[in-house]
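Content type CSV, C-alpha atoms, from the file work-v6.csv:
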chain,number,residue,atom,x,y,z
A,1,MET,CA,-15.0,47.4,-25.7
A,2,ARG,CA,-14.5,44.2,-27.7
A,3,THR,CA,-12.0,41.4,-27.3
A,4,LYS,CA,-11.6,38.1,-29.2
A,5,PHE,CA,-9.6,35.3,-27.6
A,6,LEU,CA,-8.3,32.2,-29.4
A,7,ILE,CA,-8.3,29.3,-26.9
A,8,ILE,CA,-6.1,26.3,-27.4
A,9,GLY,CA,-6.4,23.1,-25.5
A,10,ASP,CA,-3.9,20.5,-24.1
A,11,LEU,CA,-1.3,20.0,-26.8
A,12,HIS,CA,1.0,17.4,-25.3
A,13,GLY,CA,3.7,18.2,-27.9
A,14,ASN,CA,1.3,18.5,-30.8
A,15,LYS,CA,1.8,21.8,-32.6
A,16,PRO,CA,-1.5,23.6,-33.0
A,17,LYS,CA,-3.2,24.2,-36.3
A,18,ILE,CA,-5.1,27.6,-36.0
A,19,HIS,CA,-8.5,27.5,-37.6
A,20,PHE,CA,-9.7,31.0,-36.6
A,21,LYS,CA,-7.8,34.0,-38.2
A,22,ASP,CA,-9.3,37.0,-36.3
A,23,PHE,CA,-8.3,37.2,-32.7
A,24,ASP,CA,-6.7,39.7,-30.3
A,25,ALA,CA,-5.0,37.3,-27.8
A,26,ILE,CA,-4.5,33.7,-27.1
A,27,ILE,CA,-5.5,31.8,-23.9
A,28,ALA,CA,-3.4,28.7,-23.3
A,29,PRO,CA,-4.3,26.6,-20.1
A,30,GLY,CA,-1.1,24.5,-20.2
A,31,ASP,CA,0.2,21.0,-21.0
A,32,PHE,CA,2.4,22.2,-23.8
A,33,CYS,CA,4.9,19.4,-23.3
A,34,SER,CA,4.8,15.9,-24.8
A,35,ASP,CA,3.7,12.8,-22.9
A,36,ASP,CA,5.9,9.8,-23.6
A,37,ALA,CA,5.9,9.0,-19.9
A,38,ARG,CA,2.1,8.6,-19.8
A,39,PRO,CA,1.9,4.7,-20.1
A,40,TYR,CA,4.4,4.4,-17.2
A,41,ILE,CA,2.4,6.9,-15.1
A,42,PHE,CA,-0.8,5.0,-15.6
A,43,LYS,CA,1.0,1.8,-14.8
A,44,ALA,CA,2.4,3.2,-11.5
A,45,MET,CA,-1.0,4.7,-10.6
A,46,LYS,CA,-2.8,1.4,-11.2
A,47,LEU,CA,-0.2,-0.5,-9.2
A,48,LYS,CA,-0.4,1.9,-6.3
A,49,MET,CA,-4.2,1.7,-6.3
A,50,GLU,CA,-4.2,-2.1,-6.3
A,51,ASN,CA,-1.4,-2.3,-3.7
A,52,PRO,CA,-0.8,0.8,-1.6
A,53,LYS,CA,2.2,-0.9,0.0
A,54,SER,CA,4.0,-1.4,-3.3
A,55,LYS,CA,7.6,-0.2,-3.4
A,56,ILE,CA,6.9,1.4,-6.8
A,57,LYS,CA,6.2,5.0,-6.0
A,58,SER,CA,6.2,6.7,-9.4
A,59,TRP,CA,6.7,6.1,-13.1
A,60,ILE,CA,10.4,6.9,-12.6
A,61,ASP,CA,10.8,3.6,-10.8
A,62,PHE,CA,9.8,1.8,-14.0
A,63,VAL,CA,12.2,3.6,-16.4
A,64,GLY,CA,15.1,4.7,-14.1
A,65,LYS,CA,16.3,8.2,-13.3
A,66,LYS,CA,18.6,8.4,-16.3
A,67,LYS,CA,15.9,7.6,-18.9
A,68,ALA,CA,13.4,9.7,-17.0
A,69,ARG,CA,15.6,12.7,-17.3
A,70,GLN,CA,16.0,12.2,-21.0
A,71,MET,CA,12.3,11.8,-21.5
A,72,ILE,CA,11.6,15.0,-19.5
A,73,LYS,CA,14.2,17.0,-21.5
A,74,LYS,CA,12.6,15.8,-24.8
A,75,SER,CA,9.2,16.7,-23.4
A,76,MET,CA,10.3,20.2,-22.5
A,77,ARG,CA,11.9,20.8,-25.9
A,78,ASP,CA,8.6,19.9,-27.5
A,79,GLY,CA,6.7,22.3,-25.3
A,80,ARG,CA,9.2,25.1,-25.9
A,81,GLU,CA,8.8,24.7,-29.7
A,82,ILE,CA,5.0,25.0,-29.3
A,83,LEU,CA,5.3,28.2,-27.3
A,84,GLU,CA,7.8,29.6,-29.8
A,85,GLN,CA,5.3,28.9,-32.5
A,86,LEU,CA,2.5,30.7,-30.6
A,87,ASN,CA,4.8,33.6,-29.9
A,88,THR,CA,5.1,34.3,-33.7
A,89,TYR,CA,1.4,35.3,-33.9
A,90,GLY,CA,2.3,38.6,-32.4
A,91,VAL,CA,-0.5,38.8,-29.9
A,92,PRO,CA,-0.5,38.3,-26.1
A,93,ILE,CA,-0.6,34.7,-24.9
A,94,TYR,CA,-2.1,34.3,-21.5
A,95,ALA,CA,-0.7,31.0,-20.1
A,96,VAL,CA,-0.5,28.8,-17.1
A,97,PRO,CA,1.5,25.6,-16.7
A,98,GLY,CA,-0.2,22.2,-16.9
A,99,ASN,CA,0.7,19.1,-15.0
A,100,TRP,CA,2.8,18.0,-18.0
A,101,ASP,CA,4.8,21.1,-17.9
A,102,TRP,CA,7.1,19.4,-15.4
A,103,ASP,CA,7.1,20.2,-11.7
A,104,ASP,CA,7.7,16.7,-10.4
A,105,LYS,CA,9.5,14.8,-7.8
A,106,MET,CA,12.8,15.0,-9.7
A,107,LYS,CA,12.7,18.8,-9.0
A,108,GLU,CA,12.6,19.5,-12.8
A,109,LYS,CA,10.9,22.9,-12.3
A,110,LEU,CA,11.3,24.0,-15.8
A,111,TYR,CA,8.2,26.0,-16.6
A,112,LYS,CA,10.3,29.2,-16.7
A,113,TYR,CA,12.4,27.5,-19.4
A,114,LEU,CA,9.3,27.1,-21.5
A,115,ILE,CA,8.4,30.8,-21.6
A,116,LYS,CA,11.9,32.5,-21.1
A,117,GLY,CA,12.5,35.2,-23.7
A,118,LEU,CA,9.2,34.9,-25.4
A,119,LYS,CA,8.0,38.5,-25.4
A,120,ASN,CA,4.3,37.7,-26.2
A,121,VAL,CA,3.9,35.1,-23.5
A,122,VAL,CA,2.2,36.5,-20.4
A,123,ASP,CA,2.6,34.2,-17.4
A,124,VAL,CA,-0.6,34.4,-15.3
A,125,TYR,CA,0.2,31.5,-13.0
A,126,HIS,CA,-1.0,32.6,-9.5
A,127,LYS,CA,-1.3,36.2,-10.7
A,128,ARG,CA,-4.0,38.7,-11.5
A,129,ILE,CA,-3.7,41.0,-14.4
A,130,ASN,CA,-5.9,43.7,-16.0
A,131,ILE,CA,-6.5,43.8,-19.7
A,132,ASP,CA,-9.0,45.7,-21.9
A,133,GLY,CA,-11.7,46.0,-19.2
A,134,TYR,CA,-11.2,42.5,-17.9
A,135,GLN,CA,-9.2,40.7,-15.2
A,136,ILE,CA,-7.4,37.4,-15.7
A,137,ILE,CA,-6.6,35.2,-12.7
A,138,GLY,CA,-4.5,32.1,-13.3
A,139,HIS,CA,-4.1,28.7,-11.5
A,140,GLY,CA,-2.0,25.9,-13.0
A,141,TYR,CA,-0.3,22.5,-12.6
A,142,THR,CA,-3.2,20.7,-10.9
A,143,SER,CA,-4.1,17.3,-12.3
A,144,GLY,CA,-7.0,16.5,-10.0
A,145,PRO,CA,-8.7,17.7,-6.8
A,146,GLU,CA,-6.0,19.6,-4.8
A,147,TYR,CA,-7.0,17.4,-1.9
A,148,PRO,CA,-8.4,13.9,-2.6
A,149,GLN,CA,-12.2,13.7,-2.8
A,150,HIS,CA,-12.6,10.0,-3.4
A,151,LYS,CA,-12.3,7.4,-0.7
A,152,GLU,CA,-10.2,5.2,-2.9
A,153,GLU,CA,-7.6,8.0,-3.3
A,154,LEU,CA,-7.6,8.7,0.5
A,155,LYS,CA,-7.1,5.0,1.2
A,156,MET,CA,-3.8,5.0,-0.7
A,157,LEU,CA,-2.3,7.7,1.4
A,158,LYS,CA,-0.4,7.6,4.7
A,159,LEU,CA,-1.4,10.0,7.4
A,160,ARG,CA,1.7,12.1,6.9
A,161,GLU,CA,1.0,12.3,3.1
A,162,LYS,CA,-2.6,13.4,3.8
A,163,LYS,CA,-1.3,16.1,6.2
A,164,LYS,CA,1.2,17.3,3.5
A,165,MET,CA,-1.4,17.4,0.8
A,166,LYS,CA,-3.8,19.3,3.1
A,167,LYS,CA,-1.1,21.8,3.9
A,168,GLU,CA,-0.4,22.3,0.2
A,169,TYR,CA,-4.1,22.6,-0.6
A,170,ASN,CA,-4.6,25.2,2.1
A,171,ARG,CA,-1.6,27.2,0.9
A,172,THR,CA,-2.8,27.2,-2.7
A,173,TYR,CA,-6.4,27.9,-1.8
A,174,THR,CA,-5.2,30.9,0.3
A,175,LYS,CA,-3.1,32.2,-2.6
A,176,ILE,CA,-5.9,31.9,-5.2
A,177,ASN,CA,-8.6,33.2,-2.9
A,178,SER,CA,-6.5,36.3,-2.1
A,179,LEU,CA,-6.2,37.1,-5.9
A,180,PHE,CA,-10.0,37.0,-6.1
A,181,THR,CA,-10.4,39.0,-2.9
A,182,LYS,CA,-8.2,41.8,-4.3
A,183,SER,CA,-10.0,41.8,-7.6
A,184,ASN,CA,-11.8,45.0,-8.8
A,185,LYS,CA,-15.2,45.2,-10.4
A,186,LYS,CA,-14.1,44.2,-13.9
A,187,PRO,CA,-15.3,40.8,-15.2
A,188,ILE,CA,-13.0,38.0,-14.3
A,189,ILE,CA,-11.6,35.4,-16.7
A,190,PHE,CA,-10.3,32.5,-14.6
A,191,ILE,CA,-7.7,30.3,-16.4
A,192,SER,CA,-7.3,27.1,-14.5
A,193,HIS,CA,-5.3,24.2,-16.0
A,194,ASN,CA,-7.9,21.7,-14.8
A,195,VAL,CA,-11.7,22.3,-15.2
A,196,PRO,CA,-13.8,22.6,-12.0
A,197,PHE,CA,-14.5,19.5,-10.0
A,198,ASN,CA,-17.7,17.4,-10.2
A,199,THR,CA,-19.2,18.8,-13.4
A,200,PRO,CA,-19.9,17.2,-16.8
A,201,LEU,CA,-16.5,18.5,-17.9
A,202,ASP,CA,-14.3,16.5,-15.5
A,203,MET,CA,-15.5,12.9,-15.6
A,204,ILE,CA,-12.8,10.5,-16.8
A,205,THR,CA,-14.3,8.3,-19.5
A,206,ASN,CA,-11.0,6.9,-20.8
A,207,LYS,CA,-11.2,3.2,-19.9
A,208,GLN,CA,-7.4,2.9,-19.9
A,209,SER,CA,-7.2,5.3,-17.0
A,210,PRO,CA,-6.9,3.8,-13.5
A,211,ARG,CA,-9.4,6.5,-12.4
A,212,TYR,CA,-12.1,5.6,-15.0
A,213,ARG,CA,-15.4,7.2,-14.2
A,214,TYR,CA,-14.0,9.4,-11.5
A,215,HIS,CA,-14.8,13.1,-11.4
A,216,PHE,CA,-11.2,14.5,-11.2
A,217,GLY,CA,-11.4,18.3,-11.8
A,218,SER,CA,-9.9,21.1,-9.7
A,219,LEU,CA,-11.5,21.5,-6.3
A,220,ILE,CA,-10.1,25.0,-5.9
A,221,ALA,CA,-11.5,26.0,-9.4
A,222,ARG,CA,-15.0,24.8,-8.2
A,223,GLN,CA,-14.7,26.7,-4.9
A,224,MET,CA,-13.7,29.9,-6.6
A,225,ILE,CA,-16.5,29.7,-9.1
A,226,THR,CA,-19.0,29.0,-6.3
A,227,LYS,CA,-17.7,31.9,-4.1
A,228,TYR,CA,-16.9,34.6,-6.6
A,229,LYS,CA,-18.9,33.8,-9.8
A,230,PRO,CA,-16.3,34.8,-12.4
A,231,LEU,CA,-17.5,35.5,-15.9
A,232,LEU,CA,-15.6,32.5,-17.3
A,233,CYS,CA,-13.5,29.6,-16.2
A,234,ILE,CA,-11.2,28.2,-19.0
A,235,GLY,CA,-9.4,25.0,-18.5
A,236,GLY,CA,-8.4,21.7,-20.1
A,237,HIS,CA,-6.7,18.6,-18.7
A,238,MET,CA,-9.8,16.3,-19.2
A,239,HIS,CA,-9.1,15.2,-22.8
A,240,GLU,CA,-12.5,13.4,-23.2
A,241,HIS,CA,-14.5,16.7,-23.2
A,242,PHE,CA,-14.4,19.7,-25.5
A,243,THR,CA,-17.4,21.8,-24.7
A,244,LYS,CA,-18.9,24.4,-22.3
A,245,TYR,CA,-21.0,24.1,-19.2
A,246,LYS,CA,-22.7,26.8,-17.1
A,247,LEU,CA,-21.9,26.4,-13.3
A,248,GLY,CA,-24.1,28.9,-11.5
A,249,LYS,CA,-23.4,32.2,-13.2
A,250,THR,CA,-20.0,31.1,-14.7
A,251,ILE,CA,-19.5,29.7,-18.2
A,252,CYS,CA,-16.9,27.0,-17.9
A,253,ILE,CA,-15.0,25.9,-21.1
A,254,ASN,CA,-13.0,22.7,-21.5
A,255,ALA,CA,-10.6,23.6,-24.2
A,256,GLY,CA,-10.1,20.0,-25.4
A,257,PHE,CA,-7.1,18.1,-26.5
A,258,GLY,CA,-4.7,18.1,-29.4
A,259,GLY,CA,-3.5,20.4,-32.2
A,260,GLN,CA,-6.7,20.4,-34.2
A,261,VAL,CA,-9.2,21.9,-31.6
A,262,ASN,CA,-9.7,25.6,-31.3
A,263,THR,CA,-12.2,27.8,-29.5
A,264,LEU,CA,-12.9,31.4,-30.4
A,265,LEU,CA,-14.3,33.5,-27.5
A,266,ASN,CA,-15.8,36.8,-28.4
A,267,LEU,CA,-16.4,39.3,-25.5
A,268,GLU,CA,-18.1,42.6,-25.8
A,269,ASN,CA,-18.8,45.2,-23.1
A,270,GLY,CA,-18.1,42.8,-20.3
A,271,LYS,CA,-20.3,40.0,-21.6
A,272,ILE,CA,-19.9,36.9,-23.6
A,273,LYS,CA,-21.1,37.6,-27.2
A,274,SER,CA,-20.3,34.2,-28.7
A,275,ILE,CA,-18.2,31.0,-28.2
A,276,LYS,CA,-17.3,29.0,-31.4
A,277,PHE,CA,-15.8,25.6,-31.3
A,278,TYR,CA,-13.7,24.0,-34.1
A,279,PRO,CA,-14.6,21.3,-35.0
A,280,LYS,CA,-18.2,22.4,-34.3
A,281,GLU,CA,-19.6,18.9,-33.9
A,282,TYR,CA,-17.6,18.6,-30.6
A,283,GLY,CA,-18.4,21.9,-29.0
In C-alpha cells, how does this file's structure come out?
Amino acid sequence: MRTKFLIIGDLHGNKPKIHFKDFDAIIAPGDFCSDDARPYIFKAMKLKMENPKSKIKSWIDFVGKKKARQMIKKSMRDGREILEQLNTYGVPIYAVPGNWDWDDKMKEKLYKYLIKGLKNVVDVYHKRINIDGYQIIGHGYTSGPEYPQHKEELKMLKLREKKKMKKEYNRTYTKINSLFTKSNKKPIIFISHNVPFNTPLDMITNKQSPRYRYHFGSLIARQMITKYKPLLCIGGHMHEHFTKYKLGKTICINAGFGGQVNTLLNLENGKIKSIKFYPKEYG
C-alpha cells in the first residue's frame, strides 16, 4: 500500500506552480483566496490592541461595506480560479477552508462557492474519510488559538466576547474530538488550516504583524495531537515557516506560503517513507 500526496501551502490568490510530477492526490489546507484586505486587517488589529475601546471593530470600518464586498468578491474569484486549476490535475484534492476563504462578520460564507461543481475536490472540513488504508480528518478556518492564550489578547475582550469565544471553542473541540473518537485503527492524516499551537511552526516572525513574536497556532490541533497522536498534522497559515516538526509521535508539516512551494509526502504501509520540500533549502 503506497500513496503519494502533493501538499500545497497558503496561496492567497497565487496560482501554484507544481514542481513534483508523480502524485496520487493533493492536500490543500486552505487560504486559496487573495488578500487585498490584509493591510486594513493589520491596521484594525493594531488599533484594537492599542485602544480596546476604539470604535473601529474590523477592517471593514476602514474601507466601508460597499468596497469590502467588492474586495471579498474579487478574493473569492481568485480562490475559485485556483481550485479550478487544481481540479484539472485529475486526482483527489483533500481540502479545508482557511481564514481567508471568507467566513466573516459580513456573513459571506462562500466556501461552498469555491468548491461547487469541482468533481475532484473532496471537502474534509469537520469530516472524517477513509482512503487507501488511511483516515483523513479536517479542521479549517482558524487563524489563531480557538480560545485566546495570550493575556494581551484576553485583555482586549469584553466578558460577553470571552463567553462567546469559549462557547464556540467548546463546540468546535467537541466536534473535532468526536471525529477522532470515532476513528478506526488506520493511521490518521489530520489536515488543519493552522499548525499546532506553541511549536517552532507557529511563531509570528513578521515584524509588520501586530502579534509579532506570538505563538499563534491552533489550540485544538495541539490538543488532538497530544491526545490521539495522529501520524501527520498538515497545516499552513504561518507564512514564515516551511518545514516539519515532530510533536510527540506526530510529524507536523507547515506547508508554507505562495505558489512556488510544494511538499511531496510519500507514505507506504501506514508509515512515512519520505517528505520532500521544494525549494529544498527551506524544508
Report, in Å to a single decimal, how far apart CA of Val96 in chain A and CA of Cys233 in chain A are. 13.1 Å
Spatial neighbours of Lys246 in chain A, max dist 12 Å, only C-alpha atoms, sep filter under 6 positions, as an MDAnalysis selection string: chainID A and resid 196 199:201 222 225:226 229:234 252:254
Using only C-alpha atoms, determine which residues lie at most 12 Å from Lys155 in chain A, disregarding the query and same-chain residues fewer than 6 positions distant; provide the list as a VMD selection string. chain A and resid 48 to 53 148 to 149 161 to 162
Which neighbours of Phe32 in chain A fall inside 12 Å, counting only C-alpha atoms, when residues of the same chain fewer than 2 positions from it are skipped, and could you give them as JSON, numbers by chain? {"A": [8, 9, 10, 11, 12, 13, 14, 15, 16, 28, 29, 30, 34, 35, 75, 76, 77, 78, 79, 80, 81, 82, 83, 84, 85, 86, 95, 96, 97, 98, 99, 100, 101, 102, 111, 114, 115, 141, 193, 236, 237, 257, 258, 259]}
Expected file: the selected residues, C-alpha atoms, as a tab-separated table (two decimals), in the frame of the given file:
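As written to disk, selection.tsv reads:
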chain	number	residue	atom	x	y	z
A	8	ILE	CA	-6.10	26.30	-27.40
A	9	GLY	CA	-6.40	23.10	-25.50
A	10	ASP	CA	-3.90	20.50	-24.10
A	11	LEU	CA	-1.30	20.00	-26.80
A	12	HIS	CA	1.00	17.40	-25.30
A	13	GLY	CA	3.70	18.20	-27.90
A	14	ASN	CA	1.30	18.50	-30.80
A	15	LYS	CA	1.80	21.80	-32.60
A	16	PRO	CA	-1.50	23.60	-33.00
A	28	ALA	CA	-3.40	28.70	-23.30
A	29	PRO	CA	-4.30	26.60	-20.10
A	30	GLY	CA	-1.10	24.50	-20.20
A	34	SER	CA	4.80	15.90	-24.80
A	35	ASP	CA	3.70	12.80	-22.90
A	75	SER	CA	9.20	16.70	-23.40
A	76	MET	CA	10.30	20.20	-22.50
A	77	ARG	CA	11.90	20.80	-25.90
A	78	ASP	CA	8.60	19.90	-27.50
A	79	GLY	CA	6.70	22.30	-25.30
A	80	ARG	CA	9.20	25.10	-25.90
A	81	GLU	CA	8.80	24.70	-29.70
A	82	ILE	CA	5.00	25.00	-29.30
A	83	LEU	CA	5.30	28.20	-27.30
A	84	GLU	CA	7.80	29.60	-29.80
A	85	GLN	CA	5.30	28.90	-32.50
A	86	LEU	CA	2.50	30.70	-30.60
A	95	ALA	CA	-0.70	31.00	-20.10
A	96	VAL	CA	-0.50	28.80	-17.10
A	97	PRO	CA	1.50	25.60	-16.70
A	98	GLY	CA	-0.20	22.20	-16.90
A	99	ASN	CA	0.70	19.10	-15.00
A	100	TRP	CA	2.80	18.00	-18.00
A	101	ASP	CA	4.80	21.10	-17.90
A	102	TRP	CA	7.10	19.40	-15.40
A	111	TYR	CA	8.20	26.00	-16.60
A	114	LEU	CA	9.30	27.10	-21.50
A	115	ILE	CA	8.40	30.80	-21.60
A	141	TYR	CA	-0.30	22.50	-12.60
A	193	HIS	CA	-5.30	24.20	-16.00
A	236	GLY	CA	-8.40	21.70	-20.10
A	237	HIS	CA	-6.70	18.60	-18.70
A	257	PHE	CA	-7.10	18.10	-26.50
A	258	GLY	CA	-4.70	18.10	-29.40
A	259	GLY	CA	-3.50	20.40	-32.20
Closest of A:Phe190, A:Asp31, A:His126, A:Pro92 to Arg171 in chain A - atom-to-atom distances counting all atoms listed in the file: A:His126
Which residue is closest to Pro145 in chain A? Choose from A:Thr88, A:Thr263, A:Asn206, A:Asn194 and count only C-alpha atoms. A:Asn194
With a distance cut-off of 9 Å and all atoms listed in the file, select the neighbouring residues of Leu265 in chain A, excluding the residue or stretch itself and same-chain residues fewer than 6 positions from it, and output the selection as a PDB file with C-alpha atoms, in the frame of the given file.
ATOM      1  CA  THR A   3     -12.000  41.400 -27.300  1.00  0.00           C
ATOM      2  CA  LYS A   4     -11.600  38.100 -29.200  1.00  0.00           C
ATOM      3  CA  PHE A   5      -9.600  35.300 -27.600  1.00  0.00           C
ATOM      4  CA  LEU A   6      -8.300  32.200 -29.400  1.00  0.00           C
ATOM      5  CA  ILE A   7      -8.300  29.300 -26.900  1.00  0.00           C
ATOM      6  CA  PHE A  23      -8.300  37.200 -32.700  1.00  0.00           C
ATOM      7  CA  ILE A 272     -19.900  36.900 -23.600  1.00  0.00           C
ATOM      8  CA  LYS A 273     -21.100  37.600 -27.200  1.00  0.00           C
ATOM      9  CA  SER A 274     -20.300  34.200 -28.700  1.00  0.00           C
ATOM     10  CA  ILE A 275     -18.200  31.000 -28.200  1.00  0.00           C
ATOM     11  CA  LYS A 276     -17.300  29.000 -31.400  1.00  0.00           C
ATOM     12  CA  PHE A 277     -15.800  25.600 -31.300  1.00  0.00           C
TER      13      PHE A 277
END
Residue among A:Leu154, A:Lys186, A:Phe20, A:Gln223 lying closest to Thr174 in chain A, counting all atoms listed in the file: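 Selected residue with least distance to Thr174 in chain A: A:Gln223.
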Please compute the CA of Gly133 in chain A-CA of Asn269 in chain A distance, one decimal, in Å.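 We find that CA of Gly133 in chain A and CA of Asn269 in chain A lie 8.1 Å from each other.
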Hey, which of A:Ile251, A:Met165, A:Leu264, A:Ile56 ends up closest to Ile26 in chain A? Count all atoms listed in the file.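 Of the candidates, the smallest distance to Ile26 in chain A is held by A:Leu264.
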